[in-house]
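All remarks here apply to the structure that follows.
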Protein chains: 2
Amino acid sequence: MSNDKKFIQAITARDENFAQWYTDVVKEAKLCDYTSVKGCLIYEPNGYAIWENIQNNLDKRFKATGVQNVYLPLLIPESLLQKEADHIEGFAPEVAWVTRGGLERLEEKLCIRPTSEVLFCDHWAKTVKSYRDLPKIYNQWNSVLRWEKTTRPFLRSREFLWQEGHTIHATAEEAKERTLMMLEVYRDFVVSDLAIPLICGRKTDSEKFAGAKETYTIEAMMHDGKALQSGTSHFFGNGFADAFDIKYLNKNNELSSVHETSWGLSTRIIGALIMVHGDDSGLVLPPRIAPTQVRVIPIAQHKEGVIEKAQEIVNTLLQANIRVDMDTSDKTPGWKFSEQEMLGIPARIEIGPKDIENNTVVIVRRDTREKITVAIDAIQTELPKIFEEIQANMYNKAEKFLNEHIDSATTLEEMITKFTNKRGFIKAMWCGSEKCEDEIKYETGGAGSRCIPFEEEHLSDTCIYCGKPAKHMVIWGKSY
Amino acid sequence: MSNDKKFIQAITARDENFAQWYTDVVKEAKLCDYTSVKGCLIYEPNGYAIWENIQNNLDKRFKATGVQNVYLPLLIPESLLQKEADHIEGFAPEVAWVTRGGLERLEEKLCIRPTSEVLFCDHWAKTVKSYRDLPKIYNQWNSVLRWEKTTRPFLRSREFLWQEGHTIHATAEEAKERTLMMLEVYRDFVVSDLAIPLICGRKTDSEKFAGAKETYTIEAMMHDGKALQSGTSHFFGNGFADAFDIKYLNKNNELSSVHETSWGLSTRIIGALIMVHGDDSGLVLPPRIAPTQVRVIPIAQHKEGVIEKAQEIVNTLLQANIRVDMDTSDKTPGWKFSEQEMLGIPARIEIGPKDIENNTVVIVRRDTREKITVAIDAIQTELPKIFEEIQANMYNKAEKFLNEHIDSATTLEEMITKFTNKRGFIKAMWCGSEKCEDEIKYETGGAGSRCIPFEEEHLSDTCIYCGKPAKHMVIWGKSY
């Protein structure tokens, strides 16, 4: 049993030191590893398999709305990055520059893409000519690089994986519709597949993407009460289009400007999965996204017929399209249970000689640890139901946590006290000025505006900071 | 009808100027577009969709052999790239260097990965400790960058998309087995799904990958008789493992060295698809890989009921998992036919008022242009059969071409004459010396050794160049 203990002790308790707990889970669940280049990670098989499932589930949703996948280059010439003023101002301090190719010094520096708006615009400026060429609804799955100073696995790294969608449209209305449509795709995916409840809304001007007219966001609450911006969708109007001279002839043969959007979701979301659902035994993955949904663990596997029966069950489940594996290593059952829990596999099947005698197995849920005895020939019909229950339970638990950790305030003092006494978000009214936003963040020790939620409430008439007439209700919180 | 002509005239005849024909097809089929960075392409929706299907079909095959996907960083520190002597010698002249991050000059230059052997080795050196950790069977789908001087779409670009598999094993035998297993996966995929016949074999020492002990290859013949190396699999022995000090404790508790492989297939293969199957009307795609397998083109679509009936057919085919689309644009039918042919869509369905009266449609095969009248309610059962016939016919046609363009020679004069008079490959005996290889390439105006095929023949006793005893039969040819 010494092996068991060693494994379990490897991670810090979640409520003792959340940051250390997070690092421990990432390491022990073998999600990623560090490299000799700061902020550049190795996504190990366990971590990458989660990303592959995210890609598959999201890509299907994209394509159902008419998205076409493309791939644009890694490198952007300096002159191209500089074409849109707000954009270069936002990204210049955090890009990496290629200055040598082969044995030669380059005439013009090339940056590694931090995002690809300018590349899409450059392509469209050359290729779009008529209203017949519109809209363009493009997306790419790729890696981008931002030279961050402080980095943390998944949450903030220099290189990260994401998808970036870019679209152009004949009218502003159509572009706005697409901006909100993609936010809804993200919301539906994160809620349904990742079992993460969200607050959706619009970013204030100071929190907008560099160059955007409007930025919309889905915000999730981590177990420590901090916010994680989990996906964003931007409406650009024709700012980029005009900077890049993307013009088309409309039906009346007049030269018109296109309207643009972009939207992205990255491997940060894996950080959210960990920090929303994880517990002191490690990762807890929702069945819809888990690379392995159930692990079969034979008990007394050296006894005759145990592994054979376990293998039969595995085969049956594979045929039922359940993502199953089996652990027949020479470790103890206790060690295997700990590992399955650490990896967040939603359920395990325990099967030993006695179970085989009774023609049953024990299914243990990862989320509640509930043990369910199931007849062997009912496993493939029972498991999908159990998965749905786990999925629903994980969402409900996270939603309860979210609701219990959103409060409201009508005075700055109340806000500060509440932020001091309890983790979470606070709703409060705001006048619309950037100065008040900054002051609130300063006074609360870092709680910034997360978003103006789609569902605003009228908490009071005046801004919580300056007392002038309030324009919006804002969700405030500390963030990753 | 003027529109039709304009479209068809846009491409050069294949046998008039093969290089120009290739460029025309790439452009007119909208597979990719150039950017302001030389050799860095935009993969447009039509091109990228082919790559997505290649990825899906190949990835399934990989996973069936136990491959796990991972993602390793884009950037490699200079010191890491230099650890294996042959490797750095091969790649140093063709990498791009990042020298600035954000606003700072980097202390150590970072290169953009030209391939990732050293990153995998660095990771394994830190993480592999025991025989229990072996084997590691990893793969990643990513982009790499090589600072090529001359570039051509898909065939040779600075940035290209590929997969690179990397594995380590306890024994040399197991590593060799994996090397050949993955070559067989490539062969099976290219033959079955891309309908491209292949010659498989081992590369001579001078054509090996930088750092490899053995390199195996699948070689395809393009319509101009040149070879395209379409996928390679390398056995490294423990050269890299020793350079990186990847050691594990074996079952007897002795420190041992791992044995390594790597294998890759890239977007070059899209070049092969174009140059093996394409014709004077454009691209011809095999049904198993075609993003759109059939296009429905309504005739006299303004007439009542035509588009409705066409849409019904589309819906039926979608439900039968056939990749179908429909062209209801305001172009003429002739223009639409030309476009469907240019894009290489394997079949089209023509349906007009008369067809509807007869309750039939006309299916036109892209490969043979054969017109087949089919009852409307039989389309979803007939089409899969037609696709299989197209797939088989395309393979057979390409195989016939390959066989008709492989000759053999026993003297250098015979070889030169044959290369001068006819495109294709020539089989000839070789003594094993690099000098003879070089001389043969020089004398034939560029025909290098493509591979020592798995199925060697005994054509004569002596090397075709130096007359010394022959060790192998080699396939010689010019190449991309």
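Following the order of the structure tokens, first chain is A, next is B, and so on, with residues numbered from 1 inside each chain and ligands from 1 in the order they appear.
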
For chain A versus chain B, which residues have an atom no more than 6 Å away, and what is each residue's nearest atom pair and distance in Å rounded to one decimal, using only C-alpha atoms, chain-then-number order, as a tab-separated table?
residue	atom	partner	partner_atom	distance
A:Cys40	CA	B:Pro73	CA	5.7
A:Ile42	CA	B:Leu72	CA	4.6
A:Tyr43	CA	B:Tyr71	CA	4.9
A:Glu44	CA	B:Val70	CA	5.3
A:Pro45	CA	B:Val70	CA	5.2
A:Tyr48	CA	B:Val70	CA	5.4
A:Gln68	CA	B:Pro45	CA	5.9
A:Asn69	CA	B:Pro45	CA	5.8
A:Val70	CA	B:Pro45	CA	5.2
A:Tyr71	CA	B:Tyr43	CA	4.9
A:Leu72	CA	B:Ile42	CA	4.6
A:Pro73	CA	B:Cys40	CA	5.7
A:Pro93	CA	B:Gly102	CA	4.8
A:Glu94	CA	B:Gly102	CA	4.3
A:Val95	CA	B:Gly102	CA	5.0
A:Ala96	CA	B:Gly101	CA	4.2
A:Trp97	CA	B:Arg100	CA	5.1
A:Val98	CA	B:Val98	CA	4.2
A:Arg100	CA	B:Trp97	CA	5.1
A:Gly101	CA	B:Ala96	CA	4.1
A:Gly102	CA	B:Glu94	CA	4.3
A:Leu103	CA	B:Pro93	CA	5.9
A:Trp147	CA	B:Gly102	CA	5.6

Can you spit out the residues from that selection as a PDB file, in the first residue's frame, using N, CA and C atoms?
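Output contents, as saved in out_12.pdb:
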ATOM      1  N   CYS A  40       7.133  27.942 -23.355  1.00  0.00           N
ATOM      2  CA  CYS A  40       6.808  27.056 -24.478  1.00  0.00           C
ATOM      3  C   CYS A  40       6.669  25.639 -23.932  1.00  0.00           C
ATOM      4  N   ILE A  42       5.324  21.474 -23.748  1.00  0.00           N
ATOM      5  CA  ILE A  42       5.022  20.230 -24.436  1.00  0.00           C
ATOM      6  C   ILE A  42       3.636  19.780 -23.982  1.00  0.00           C
ATOM      7  N   TYR A  43       2.739  19.616 -24.925  1.00  0.00           N
ATOM      8  CA  TYR A  43       1.428  19.045 -24.612  1.00  0.00           C
ATOM      9  C   TYR A  43       1.596  17.541 -24.692  1.00  0.00           C
ATOM     10  N   GLU A  44       1.599  16.876 -23.541  1.00  0.00           N
ATOM     11  CA  GLU A  44       1.768  15.426 -23.497  1.00  0.00           C
ATOM     12  C   GLU A  44       0.470  14.733 -23.962  1.00  0.00           C
ATOM     13  N   PRO A  45       0.521  13.415 -24.204  1.00  0.00           N
ATOM     14  CA  PRO A  45      -0.666  12.734 -24.749  1.00  0.00           C
ATOM     15  C   PRO A  45      -1.952  13.014 -23.971  1.00  0.00           C
ATOM     16  N   TYR A  48      -2.947  16.673 -24.762  1.00  0.00           N
ATOM     17  CA  TYR A  48      -3.283  16.906 -26.161  1.00  0.00           C
ATOM     18  C   TYR A  48      -4.578  16.201 -26.557  1.00  0.00           C
ATOM     19  N   GLN A  68     -15.373  27.635 -43.072  1.00  0.00           N
ATOM     20  CA  GLN A  68     -14.403  26.872 -43.862  1.00  0.00           C
ATOM     21  C   GLN A  68     -13.028  27.001 -43.221  1.00  0.00           C
ATOM     22  N   ASN A  69     -12.337  25.890 -43.073  1.00  0.00           N
ATOM     23  CA  ASN A  69     -11.000  25.946 -42.492  1.00  0.00           C
ATOM     24  C   ASN A  69      -9.940  26.266 -43.543  1.00  0.00           C
ATOM     25  N   VAL A  70      -8.943  27.020 -43.115  1.00  0.00           N
ATOM     26  CA  VAL A  70      -7.826  27.422 -43.972  1.00  0.00           C
ATOM     27  C   VAL A  70      -6.559  27.368 -43.121  1.00  0.00           C
ATOM     28  N   TYR A  71      -5.418  27.632 -43.767  1.00  0.00           N
ATOM     29  CA  TYR A  71      -4.192  27.795 -42.986  1.00  0.00           C
ATOM     30  C   TYR A  71      -3.373  28.937 -43.568  1.00  0.00           C
ATOM     31  N   LEU A  72      -3.077  29.916 -42.727  1.00  0.00           N
ATOM     32  CA  LEU A  72      -2.282  31.067 -43.148  1.00  0.00           C
ATOM     33  C   LEU A  72      -0.892  30.999 -42.518  1.00  0.00           C
ATOM     34  N   PRO A  73       0.059  31.739 -43.103  1.00  0.00           N
ATOM     35  CA  PRO A  73       1.449  31.569 -42.652  1.00  0.00           C
ATOM     36  C   PRO A  73       1.708  31.960 -41.199  1.00  0.00           C
ATOM     37  N   PRO A  93       4.731  45.120 -28.416  1.00  0.00           N
ATOM     38  CA  PRO A  93       5.622  44.787 -27.297  1.00  0.00           C
ATOM     39  C   PRO A  93       5.710  43.298 -27.017  1.00  0.00           C
ATOM     40  N   GLU A  94       4.872  42.487 -27.637  1.00  0.00           N
ATOM     41  CA  GLU A  94       4.867  41.084 -27.251  1.00  0.00           C
ATOM     42  C   GLU A  94       4.998  40.104 -28.417  1.00  0.00           C
ATOM     43  N   VAL A  95       5.695  40.527 -29.471  1.00  0.00           N
ATOM     44  CA  VAL A  95       5.938  39.567 -30.546  1.00  0.00           C
ATOM     45  C   VAL A  95       7.410  39.175 -30.609  1.00  0.00           C
ATOM     46  N   ALA A  96       7.653  37.993 -31.179  1.00  0.00           N
ATOM     47  CA  ALA A  96       9.025  37.516 -31.385  1.00  0.00           C
ATOM     48  C   ALA A  96       9.395  37.779 -32.838  1.00  0.00           C
ATOM     49  N   TRP A  97      10.632  38.187 -33.051  1.00  0.00           N
ATOM     50  CA  TRP A  97      11.064  38.611 -34.386  1.00  0.00           C
ATOM     51  C   TRP A  97      12.093  37.665 -34.989  1.00  0.00           C
ATOM     52  N   VAL A  98      11.821  37.253 -36.224  1.00  0.00           N
ATOM     53  CA  VAL A  98      12.799  36.497 -37.001  1.00  0.00           C
ATOM     54  C   VAL A  98      13.617  37.510 -37.787  1.00  0.00           C
ATOM     55  N   ARG A 100      16.889  36.406 -39.128  1.00  0.00           N
ATOM     56  CA  ARG A 100      17.819  35.683 -39.991  1.00  0.00           C
ATOM     57  C   ARG A 100      17.138  34.467 -40.596  1.00  0.00           C
ATOM     58  N   GLY A 101      17.360  34.252 -41.900  1.00  0.00           N
ATOM     59  CA  GLY A 101      16.833  33.071 -42.575  1.00  0.00           C
ATOM     60  C   GLY A 101      17.993  32.357 -43.231  1.00  0.00           C
ATOM     61  N   GLY A 102      18.200  31.081 -42.845  1.00  0.00           N
ATOM     62  CA  GLY A 102      19.376  30.373 -43.347  1.00  0.00           C
ATOM     63  C   GLY A 102      20.616  31.123 -42.888  1.00  0.00           C
ATOM     64  N   LEU A 103      21.495  31.464 -43.813  1.00  0.00           N
ATOM     65  CA  LEU A 103      22.724  32.135 -43.410  1.00  0.00           C
ATOM     66  C   LEU A 103      22.665  33.651 -43.634  1.00  0.00           C
ATOM     67  N   TRP A 147       5.119  37.107 -26.500  1.00  0.00           N
ATOM     68  CA  TRP A 147       6.279  37.064 -25.614  1.00  0.00           C
ATOM     69  C   TRP A 147       5.920  37.530 -24.196  1.00  0.00           C
TER      70      TRP A 147
END

Residues near range 435-441 of chain B, anyone? I mean within 12 Å using only C-alpha atoms, not counting same-chain ones fewer than 5 positions away, as a ChimeraX atom specification. /B:203-207,411-413,415-416,419,426,428-430,446-451,463-468,470,474-479

Run DSSP on the backbone and tell me which residues of range 113-311 of chain A come out as alpha helix (DSSP H); list them as a PyMOL selection string. chain A and resi 117-127+172-194+239-244+268-277+306-311

Export C-alpha atoms of the chosen residues as a tab-separated table (two decimals), in the first residue's frame?
chain	number	residue	atom	x	y	z
A	117	GLU	CA	-5.97	39.58	-38.61
A	118	VAL	CA	-3.43	41.33	-40.83
A	119	LEU	CA	-2.70	38.18	-42.85
A	120	PHE	CA	-6.38	37.57	-43.54
A	121	CYS	CA	-6.86	41.22	-44.50
A	122	ASP	CA	-3.86	41.19	-46.83
A	123	HIS	CA	-5.24	38.07	-48.57
A	124	TRP	CA	-8.73	39.50	-48.90
A	125	ALA	CA	-7.49	42.85	-50.18
A	126	LYS	CA	-6.01	40.98	-53.13
A	127	THR	CA	-8.76	38.44	-53.75
A	172	ALA	CA	-22.28	45.67	-40.55
A	173	GLU	CA	-25.49	43.91	-39.50
A	174	GLU	CA	-24.36	40.61	-40.96
A	175	ALA	CA	-20.94	40.95	-39.31
A	176	LYS	CA	-22.52	41.74	-35.94
A	177	GLU	CA	-24.81	38.75	-36.32
A	178	ARG	CA	-21.77	36.52	-36.98
A	179	THR	CA	-19.92	37.98	-33.96
A	180	LEU	CA	-22.78	37.00	-31.65
A	181	MET	CA	-23.42	33.69	-33.45
A	182	MET	CA	-19.87	32.54	-32.72
A	183	LEU	CA	-20.08	33.65	-29.10
A	184	GLU	CA	-23.20	31.50	-28.85
A	185	VAL	CA	-21.30	28.55	-30.41
A	186	TYR	CA	-18.64	28.95	-27.70
A	187	ARG	CA	-21.26	29.27	-24.95
A	188	ASP	CA	-23.14	26.21	-26.08
A	189	PHE	CA	-19.96	24.16	-26.39
A	190	VAL	CA	-18.48	25.17	-23.02
A	191	VAL	CA	-21.78	24.70	-21.18
A	192	SER	CA	-22.83	21.45	-22.88
A	193	ASP	CA	-19.53	19.65	-23.38
A	194	LEU	CA	-17.24	21.09	-20.70
A	239	GLY	CA	-11.44	49.59	-39.38
A	240	PHE	CA	-9.18	46.84	-40.65
A	241	ALA	CA	-10.93	46.74	-44.01
A	242	ASP	CA	-10.17	50.42	-44.59
A	243	ALA	CA	-6.59	50.15	-43.33
A	244	PHE	CA	-6.04	47.28	-45.80
A	268	ARG	CA	-6.54	28.21	-21.81
A	269	ILE	CA	-9.88	26.43	-21.65
A	270	ILE	CA	-8.01	23.33	-20.41
A	271	GLY	CA	-6.95	25.47	-17.45
A	272	ALA	CA	-10.64	26.20	-16.83
A	273	LEU	CA	-11.52	22.48	-16.98
A	274	ILE	CA	-8.89	21.83	-14.31
A	275	MET	CA	-9.79	24.74	-12.04
A	276	VAL	CA	-13.58	24.42	-12.24
A	277	HIS	CA	-13.92	20.66	-11.78
A	306	VAL	CA	-10.42	-12.23	-14.63
A	307	ILE	CA	-8.48	-10.48	-17.37
A	308	GLU	CA	-10.38	-12.42	-20.04
A	309	LYS	CA	-13.73	-11.26	-18.65
A	310	ALA	CA	-12.44	-7.70	-18.27
A	311	GLN	CA	-11.26	-7.76	-21.87

In Å, with one decimal, what is the gap from CA of Pro384 in chain A to CA of Asn396 in chain A? 18.3 Å

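Residue nearest Glu350 in chain B, chosen from B:Leu402, B:Ile386, B:Ile379, B:Ile297 and counting only C-alpha atoms: B:Ile297.
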
Would you pick out the contacts of Ile351 in chain A at 10 Å or less, using only C-alpha atoms, so that residues sharing its chain but fewer than 3 positions from it are not included, and give the list as a VMD selection string? chain A and resid 296 to 301 306 to 307 309 to 310 313 348 354 to 356 359 to 363 376

With N, CA and C atoms retained, write the just-selected residues as a compact mmCIF listing (two decimals), in the first residue's frame.
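Done, and the output landed in result22.txt:
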# COMPACT_ATOMS: atom_id res chain seq x y z
N VAL A 296 -11.29 0.17 -17.08
CA VAL A 296 -11.57 -1.12 -16.45
C VAL A 296 -10.35 -1.52 -15.62
N ILE A 297 -10.57 -1.81 -14.34
CA ILE A 297 -9.47 -2.21 -13.45
C ILE A 297 -9.78 -3.59 -12.87
N PRO A 298 -9.09 -4.61 -13.38
CA PRO A 298 -9.32 -5.96 -12.87
C PRO A 298 -8.75 -6.09 -11.45
N ILE A 299 -9.48 -6.78 -10.58
CA ILE A 299 -9.04 -7.04 -9.21
C ILE A 299 -8.57 -8.50 -9.15
N ALA A 300 -7.47 -8.74 -8.46
CA ALA A 300 -6.90 -10.10 -8.42
C ALA A 300 -6.77 -10.62 -9.85
N GLN A 301 -6.10 -9.84 -10.65
CA GLN A 301 -6.07 -10.11 -12.09
C GLN A 301 -5.28 -11.37 -12.46
N VAL A 306 -10.11 -13.63 -14.95
CA VAL A 306 -10.42 -12.23 -14.63
C VAL A 306 -10.09 -11.30 -15.80
N ILE A 307 -8.86 -11.38 -16.27
CA ILE A 307 -8.48 -10.48 -17.37
C ILE A 307 -9.30 -10.78 -18.62
N LYS A 309 -12.39 -11.85 -18.80
CA LYS A 309 -13.73 -11.26 -18.65
C LYS A 309 -13.65 -9.73 -18.80
N ALA A 310 -12.62 -9.16 -18.18
CA ALA A 310 -12.44 -7.70 -18.27
C ALA A 310 -12.27 -7.28 -19.73
N ILE A 313 -15.48 -7.17 -21.59
CA ILE A 313 -16.23 -5.94 -21.30
C ILE A 313 -15.67 -4.78 -22.12
N ARG A 348 -14.74 4.32 -13.28
CA ARG A 348 -13.94 3.11 -13.42
C ARG A 348 -14.85 1.91 -13.20
N LYS A 354 -15.11 -12.39 -7.45
CA LYS A 354 -16.46 -12.41 -6.85
C LYS A 354 -17.49 -11.77 -7.76
N ASP A 355 -17.09 -10.63 -8.37
CA ASP A 355 -18.01 -9.96 -9.31
C ASP A 355 -18.38 -10.90 -10.44
N ILE A 356 -17.37 -11.62 -10.93
CA ILE A 356 -17.62 -12.52 -12.05
C ILE A 356 -18.59 -13.62 -11.63
N ASN A 359 -21.84 -12.26 -11.71
CA ASN A 359 -22.17 -11.69 -13.02
C ASN A 359 -22.44 -10.18 -12.96
N THR A 360 -21.69 -9.49 -12.10
CA THR A 360 -21.84 -8.04 -11.98
C THR A 360 -20.46 -7.38 -11.98
N VAL A 361 -20.47 -6.05 -12.06
CA VAL A 361 -19.25 -5.26 -11.82
C VAL A 361 -19.64 -4.09 -10.93
N VAL A 362 -18.62 -3.41 -10.40
CA VAL A 362 -18.87 -2.19 -9.65
C VAL A 362 -18.37 -1.02 -10.49
N ILE A 363 -19.27 -0.08 -10.77
CA ILE A 363 -18.89 1.15 -11.47
C ILE A 363 -18.74 2.24 -10.43
N ILE A 376 -23.31 -7.49 -15.67
CA ILE A 376 -22.32 -7.38 -16.75
C ILE A 376 -22.95 -7.08 -18.10

Close residues, Gly264 in chain A itself excluded, 8 Å, only C-alpha atoms, min 2 positions apart in chain, as JSON, numbers by chain: {"A": [162, 163, 164, 165, 231, 232, 233, 262, 266]}

Would you list, as JSON, numbers by chain, the residues of range 236-460 of chain A that end up in strand (DSSP E or B) under DSSP run on this structure's backbone? {"A": [236, 237, 247, 248, 249, 255, 256, 257, 259, 260, 261, 262, 263, 264, 265, 266, 279, 282, 294, 295, 296, 297, 298, 324, 325, 326, 347, 348, 349, 350, 351, 360, 361, 362, 363, 364, 365, 371, 372, 373, 374, 375, 406, 407, 408, 425, 426, 427, 428, 429, 430, 448, 449, 450, 451, 452, 453]}

Please identify all polymer residues within 10 Å of Thr420 in chain B, counting only C-alpha atoms, omitting same-chain residues fewer than 6 positions from it, and present them as a list in words. Glu414, Thr444 and Gly445 of chain B

What's the 12 Å shell around Ala392 in chain A, counting only C-alpha atoms, without same-chain residues fewer than 3 positions away, as a short mmCIF file (atom, residue, chain, number, x, y, z; two decimals) with C-alpha atoms, in the first residue's frame?
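Final output, saved to out-v1.cif:
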data_model
loop_
_atom_site.label_atom_id
_atom_site.label_comp_id
_atom_site.auth_asym_id
_atom_site.auth_seq_id
_atom_site.Cartn_x
_atom_site.Cartn_y
_atom_site.Cartn_z
CA VAL A 191 -21.78 24.70 -21.18
CA SER A 192 -22.83 21.45 -22.88
CA ASP A 193 -19.53 19.65 -23.38
CA LEU A 194 -17.24 21.09 -20.70
CA ALA A 195 -20.00 21.43 -18.06
CA ILE A 196 -18.74 24.93 -17.23
CA PRO A 197 -21.36 27.61 -16.43
CA PRO A 286 -16.74 15.70 -18.01
CA PRO A 287 -17.58 12.50 -19.95
CA ARG A 288 -18.34 14.35 -23.18
CA ASP A 367 -17.43 13.01 -9.50
CA LYS A 385 -26.84 7.01 -18.62
CA ILE A 386 -24.25 7.30 -15.86
CA PHE A 387 -22.16 9.55 -18.10
CA GLU A 388 -25.14 11.83 -18.67
CA GLU A 389 -25.74 11.96 -14.92
CA TYR A 395 -22.55 21.31 -14.47
CA ASN A 396 -25.05 21.76 -11.65
CA LYS A 397 -22.34 21.69 -9.00
CA ALA A 398 -20.30 24.29 -10.87
CA GLU A 399 -23.38 26.44 -11.47
#

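Distance annotation: of A:Gly344, A:Pro291, A:Gly334, A:Gly225, the residue with the minimal separation from Glu28 in chain A is A:Gly344; atom set is only C-alpha atoms.
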
Atom pair CA of Val128 in chain B / CA of Thr267 in chain A: separation (Å): 25.7 Å
